[in-house]
Every structure is written in C-alpha cells, then in structure tokens.
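Participant: Next up, data19.cif (mmCIF, C-alpha atoms).
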```cif
data_final
loop_
_atom_site.label_atom_id
_atom_site.label_comp_id
_atom_site.auth_asym_id
_atom_site.auth_seq_id
_atom_site.Cartn_x
_atom_site.Cartn_y
_atom_site.Cartn_z
CA MET T 1 -7.96 5.00 0.72
CA LYS T 2 -9.07 7.05 -2.25
CA ALA T 3 -6.67 8.84 -4.58
CA GLU T 4 -8.15 12.24 -3.70
CA GLU T 5 -7.31 11.70 -0.04
CA LEU T 6 -3.79 10.59 -0.91
CA ARG T 7 -3.14 13.64 -3.08
CA LYS T 8 -3.78 15.87 -0.05
CA LYS T 9 -1.00 14.18 1.93
CA THR T 10 2.62 15.30 2.04
CA THR T 11 5.47 13.27 0.59
CA LYS T 12 6.54 12.18 4.07
CA GLU T 13 3.03 10.94 4.88
CA LEU T 14 2.84 9.05 1.59
CA GLN T 15 6.17 7.36 2.26
CA GLU T 16 5.04 6.33 5.74
CA GLU T 17 1.76 4.96 4.38
CA LEU T 18 3.67 3.06 1.69
CA GLN T 19 5.98 1.48 4.28
CA GLU T 20 3.00 0.38 6.37
CA LEU T 21 1.32 -1.18 3.35
CA LEU T 22 4.50 -3.00 2.34
CA LYS T 23 4.75 -4.47 5.84
CA GLU T 24 1.10 -5.50 5.66
CA GLN T 25 1.70 -7.12 2.27
CA PHE T 26 4.61 -9.08 3.72
CA LYS T 27 2.47 -10.30 6.63
CA LEU T 28 -0.27 -11.38 4.22
CA ARG T 29 2.27 -13.28 2.08
CA MET T 30 3.50 -15.12 5.16
CA GLN T 31 -0.07 -15.98 6.16
CA LYS T 32 -0.77 -17.25 2.67
CA GLY T 33 2.34 -19.40 2.73
CA SER T 34 1.48 -20.94 6.07
CA GLY T 35 -2.15 -21.54 5.06
CA GLU T 36 -3.76 -19.36 7.72
CA MET T 37 -4.95 -16.48 5.54
CA ALA T 38 -8.41 -15.48 6.75
CA HIS T 39 -9.29 -12.86 4.12
CA PRO T 40 -7.71 -13.55 0.71
CA ALA T 41 -9.33 -10.45 -0.78
CA GLN T 42 -7.26 -8.28 1.58
CA PHE T 43 -4.14 -9.09 -0.45
CA LYS T 44 -5.70 -7.53 -3.54
CA ILE T 45 -6.76 -4.41 -1.63
CA VAL T 46 -3.28 -3.87 -0.18
CA ARG T 47 -1.61 -4.43 -3.55
CA ARG T 48 -3.83 -1.87 -5.23
CA SER T 49 -3.30 0.65 -2.44
CA ILE T 50 0.46 0.32 -2.88
CA ALA T 51 0.11 0.92 -6.61
CA ARG T 52 -2.15 3.92 -5.98
CA ILE T 53 0.41 5.54 -3.66
CA LYS T 54 3.30 4.88 -6.03
CA THR T 55 1.33 6.38 -8.91
CA ILE T 56 0.59 9.55 -6.98
CA MET T 57 4.21 9.85 -5.90
CA THR T 58 5.27 9.54 -9.54
CA GLU T 59 2.72 12.15 -10.62
CA THR T 60 4.04 14.65 -8.11
CA GLY T 61 7.66 13.82 -8.89
CA ASN T 62 8.43 12.54 -5.39
CA GLN T 63 9.52 8.97 -5.81
CA ALA T 64 10.47 6.70 -2.93
#
```
Would you mind giving the structure from this file in structure tokens?
Facilitator:
Amino acid sequence: MKAEELRKKTTKELQEELQELLKEQFKLRMQKGSGEMAHPAQFKIVRRSIARIKTIMTETGNQA
C-alpha cells in the first residue's frame, strides 16, 4: 500500500492495518523457521509496510 493511501486513513484504520501486518509477519517468520516459506520476498514487503505505517503514525502524532 502506498503512503498516500495510508495518509487518507484514520488512526483506527492504521492501527488495524498494523496489527494485521504484524500477524502476517509472525506467520512468515514461522514459515521461514519450519522451512516451508514459498515467497521469501513477501517478508521484505511486509516489513516495509509496517515501517511505512509506523512512520505515518509518527508524522501525525498518533503512535500505537
């Protein structure tokens, strides 16, 4: 998701999106640990999306 789209969302929506991404990151870590990770690049995408959301929350002053 692009930063412009994230800036249009409310704080509540950003927090929900962040929680979903954190769960996804956990699932990917478990897949990596068990050796069944199908798309290793997905981990990088999720990690950057988390950082993007946290940055926007910091910019707006609404931290998790």
Participant: I'd like the interatomic distance between atom CA of T:Ile45 and atom CA of T:Glu24, to a tenth of an Å.
Facilitator: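 If I compute the distance from atom CA of T:Ile45 to atom CA of T:Glu24, I get 10.8 Å.
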Participant: Report, in Å to a single decimal, how far apart atom CA of T:Met30 and atom CA of T:Lys2 are.
Facilitator: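 Going from atom CA of T:Lys2 over to atom CA of T:Met30, I get 26.5 Å.
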Participant: Suppose you want the space between atom CA of T:Leu18 and atom CA of T:Ile53; what is it in Å?
Facilitator: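 Result for atom CA of T:Leu18 versus atom CA of T:Ile53: 6.7 Å, one decimal.
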Participant: Given only C-alpha atoms as the basis, pick out the residue of T:Thr60, T:Glu36, T:Phe43, T:Ala51 nearest to T:Thr10.
Facilitator: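 Comparing T:Thr60, T:Glu36, T:Phe43, T:Ala51 against T:Thr10, the winner is T:Thr60.
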Participant: Show which residues sit within 12 Å of T:Gln31, as a VMD selection string. Count all atoms listed in the file, and ignore same-chain residues fewer than 6 positions away.
Facilitator: chain T and resid 24 to 25 37 to 40 42 to 43
Participant: Please write as a list of chain:residue names the full residue list that the PyMOL selection byres ((chain T and resi 56) around 12) yields on this file.
Facilitator: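 When the PyMOL selection byres ((chain T and resi 56) around 12) is applied, the selected residues are T:Lys2, T:Ala3, T:Glu4, T:Glu5, T:Leu6, T:Arg7, T:Lys8, T:Lys9, T:Thr10, T:Thr11, T:Leu14, T:Gln15, T:Leu18, T:Ser49, T:Ile50, T:Ala51, T:Arg52, T:Ile53, T:Lys54, T:Thr55, T:Met57, T:Thr58, T:Glu59, T:Thr60, T:Gly61, T:Asn62, T:Gln63, T:Ala64.
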Participant: Closest to T:Arg48 among T:Leu21, T:Ser34, T:Arg29, T:Glu16, using all atoms listed in the file?
Facilitator: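 Of the candidates, the smallest distance to T:Arg48 is held by T:Leu21.
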